[in-house]
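Asker: Structure below; questions to follow.
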Amino acid sequence: MRKFFQEIKADLKFKTAGPGQKLSEPSRAPREKPKAEVAPKPRQAPTDEAQRAAAAALARLEVKPKGGKAPSASQEAIRNQVRKELMAEAAASEKRLSVEEKEQEEEGAAAPSVSGVYFICPLTGTVVRKDQKEKQLREAIQAYFSVDPVAASIMEIHTFNKDREKVRLCVETMAKYLDNIYLHPEEEKYRKIKLQNKVFQERISCLEGTHKFFQAVGFETKTLPVPGQETTEEFYVLKEEVLSRLEDLREHKEQLLSSEPVRAQLHRQLAVFHPSPAAARFELPHDFFSLTAEELRREQRLRTEAVEKASMLRTRAMREKDEQREMRKYNYTLLRVRFPDGYILQGTFYARESVSVLYNFVREALRDDWLPFELLGPGGLKLTDENLAFNECGLVPSALLSLAWDAAVMADVEAAAAEEQRSPLRPELLARAQPLS
């Protein structure tokens, strides 16, 4: 038994001692001097055979010796140490495997076709990621208060209150207040607004930016007695000096009624690529999807399973309805247009934008924007109805299209290209052309 313990200890490379005693090192035969130095091999996880042998040893240790005596303290310590070593080896092996798999996934993952969806703040021109656009708008509008507080407060009202019906009722009621003052400047009652008034509370006070507007156009807060009562209430009261600028008040009213929400503009991320056989391969970031990546994978899995189970029972109309429902999950689409010379034009679009937007996008990139052309979708289908949205044409969340010149001018274009050897794209865009990875 002692020899067996020594073999186990040597195999697992540990030293241990039981309580109150010290184990002696096992005797070793003198080793021969190696003929040549050999680089040590990296330590490997225990083989299945070694693990079975160790497990068998542990099982034997569990068996009580003859006579019914319990194992000694040293035997118990060795058994526990063997168990710990095996567990540590298994955990280390699993960890190494996990790290290696993660590294392989990272090395094998293709770079995204674009790094994300970006927007341009119309007030500052700053380009920000999708998740930062509202913060950027708020900061820009807040900064605009130092330039034009009336316009800035109107921007807040129209931009940050999402319920459009509430906004409509709000601005119409506010415009009525201002209109009464403009039409009846001599009437003092029109120059005061009770803040606790039910209509004011329900239509105006609860919306963002409204109080800033009243202050910007010349109202101030005052506590006034209520006629016929002993109590006081807060009112907005128009400053006297504003009465001399009634035309300004009328303009503020018109501006309030005619304004629209401030919207960040989708950044097209225009890019030009050299001819590449990888033009039809897309790797999209999560920004392009309405759902999270996990939700999207789950939805796709469930849909695939449902289609496989019921494909023979479903009508074409039912399948098309489901396909349209799937298309609505995409907010954006990445489109590439391949030119006859192989160059590729790329841009980011809303999934619900019309095909006409893509035609304009391509036309603006041409050296000669008067040249007539057609866009062909996947499979060579002509995109003739420019009023259709990209998601209605199946061009989401990405697609590769081809540009074809109008047949009537094809010969002239080819002749000109042969003579001048130039691309139809604008020179400044060609200078930015990059390899498509």
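Ordered as shown in the structure tokens, chains take letters A, B, and onward, while each chain numbers its residues from 1 and ligands are numbered from 1 in the order shown.
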Just the alpha helix (DSSP H) stuff from stretch 85-249 of chain A, please, per backbone DSSP, written as a ChimeraX atom specification.

Answerer: /A:85-108,133-144,149-160,164-183,198-199,210-217,246-249

Asker: Set the distance at 12 Å and use only C-alpha atoms: which residues neighbour A:Ser354 once local chain neighbours fewer than 6 positions away are removed? I'd like the list as a list in words.

Answerer: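 Here the qualifying residues turn out to be Thr333, Asn360, Phe361, Leu383, Thr384, Asp385, Glu386, Asn387, Leu388, Ala389, Phe390, Asn391, Glu392, Cys393 and Leu395 of chain A.
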
Asker: Include N, CA, C and O atoms and write out the residues we just selected as a JSON list (two decimals), in the first residue's frame.

Answerer:
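Result file is again.json:
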[["chain", "number", "residue", "atom", "x", "y", "z"],
["A", 333, "THR", "N", -30.86, 49.54, -42.78],
["A", 333, "THR", "CA", -30.33, 48.60, -43.76],
["A", 333, "THR", "C", -29.04, 49.15, -44.34],
["A", 333, "THR", "O", -28.89, 50.37, -44.52],
["A", 360, "ASN", "N", -31.27, 58.77, -55.47],
["A", 360, "ASN", "CA", -30.65, 60.09, -55.25],
["A", 360, "ASN", "C", -29.25, 59.95, -54.67],
["A", 360, "ASN", "O", -28.33, 60.70, -55.03],
["A", 361, "PHE", "N", -29.09, 59.00, -53.75],
["A", 361, "PHE", "CA", -27.79, 58.77, -53.13],
["A", 361, "PHE", "C", -26.75, 58.39, -54.19],
["A", 361, "PHE", "O", -25.62, 58.89, -54.18],
["A", 383, "LEU", "N", -35.52, 47.65, -59.83],
["A", 383, "LEU", "CA", -36.25, 48.44, -58.83],
["A", 383, "LEU", "C", -36.92, 49.60, -59.55],
["A", 383, "LEU", "O", -36.41, 50.72, -59.58],
["A", 384, "THR", "N", -38.04, 49.32, -60.15],
["A", 384, "THR", "CA", -38.72, 50.33, -60.96],
["A", 384, "THR", "C", -39.66, 51.21, -60.15],
["A", 384, "THR", "O", -39.88, 52.37, -60.48],
["A", 385, "ASP", "N", -40.25, 50.68, -59.08],
["A", 385, "ASP", "CA", -41.17, 51.46, -58.26],
["A", 385, "ASP", "C", -40.38, 52.13, -57.15],
["A", 385, "ASP", "O", -40.08, 51.53, -56.12],
["A", 386, "GLU", "N", -40.05, 53.40, -57.36],
["A", 386, "GLU", "CA", -39.20, 54.10, -56.40],
["A", 386, "GLU", "C", -39.95, 54.51, -55.14],
["A", 386, "GLU", "O", -39.34, 55.01, -54.19],
["A", 387, "ASN", "N", -41.24, 54.32, -55.10],
["A", 387, "ASN", "CA", -42.02, 54.68, -53.91],
["A", 387, "ASN", "C", -42.04, 53.56, -52.86],
["A", 387, "ASN", "O", -42.44, 53.80, -51.72],
["A", 388, "LEU", "N", -41.63, 52.36, -53.26],
["A", 388, "LEU", "CA", -41.60, 51.26, -52.31],
["A", 388, "LEU", "C", -40.50, 51.47, -51.28],
["A", 388, "LEU", "O", -39.44, 52.04, -51.59],
["A", 389, "ALA", "N", -40.74, 51.01, -50.05],
["A", 389, "ALA", "CA", -39.73, 51.09, -49.01],
["A", 389, "ALA", "C", -38.77, 49.92, -49.14],
["A", 389, "ALA", "O", -39.09, 48.89, -49.74],
["A", 390, "PHE", "N", -37.58, 50.07, -48.57],
["A", 390, "PHE", "CA", -36.59, 49.01, -48.66],
["A", 390, "PHE", "C", -37.09, 47.71, -48.03],
["A", 390, "PHE", "O", -36.84, 46.63, -48.57],
["A", 391, "ASN", "N", -37.78, 47.81, -46.90],
["A", 391, "ASN", "CA", -38.25, 46.58, -46.27],
["A", 391, "ASN", "C", -39.38, 45.93, -47.07],
["A", 391, "ASN", "O", -39.61, 44.73, -46.95],
["A", 392, "GLU", "N", -40.08, 46.71, -47.89],
["A", 392, "GLU", "CA", -41.10, 46.12, -48.76],
["A", 392, "GLU", "C", -40.48, 45.40, -49.94],
["A", 392, "GLU", "O", -41.10, 44.51, -50.53],
["A", 393, "CYS", "N", -39.25, 45.78, -50.29],
["A", 393, "CYS", "CA", -38.56, 45.13, -51.41],
["A", 393, "CYS", "C", -37.65, 43.99, -50.94],
["A", 393, "CYS", "O", -36.99, 43.36, -51.76],
["A", 395, "LEU", "N", -35.01, 44.42, -49.08],
["A", 395, "LEU", "CA", -33.63, 44.90, -49.06],
["A", 395, "LEU", "C", -33.18, 45.23, -47.64],
["A", 395, "LEU", "O", -32.53, 46.26, -47.40]]

Asker: Which neighbours of stretch 157-163 of chain A fall inside 9 Å, counting only C-alpha atoms, when residues of the same chain fewer than 6 positions from it are skipped, and could you give them as a list in words?

Answerer: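 Answer for this query is Glu134, Arg138, Cys170, Val171, Leu207, Glu208, Gly209, Thr210, Phe213, Leu256, Ser259, Glu260, Pro261, Val262 and Arg263 of chain A.
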
Asker: If we count only C-alpha atoms, what is near A:Arg268 at a cut-off of 10 Å, once residues fewer than 6 positions away on the same chain are taken out, given as a ChimeraX atom specification?

Answerer: /A:117-120,334,346-350,361
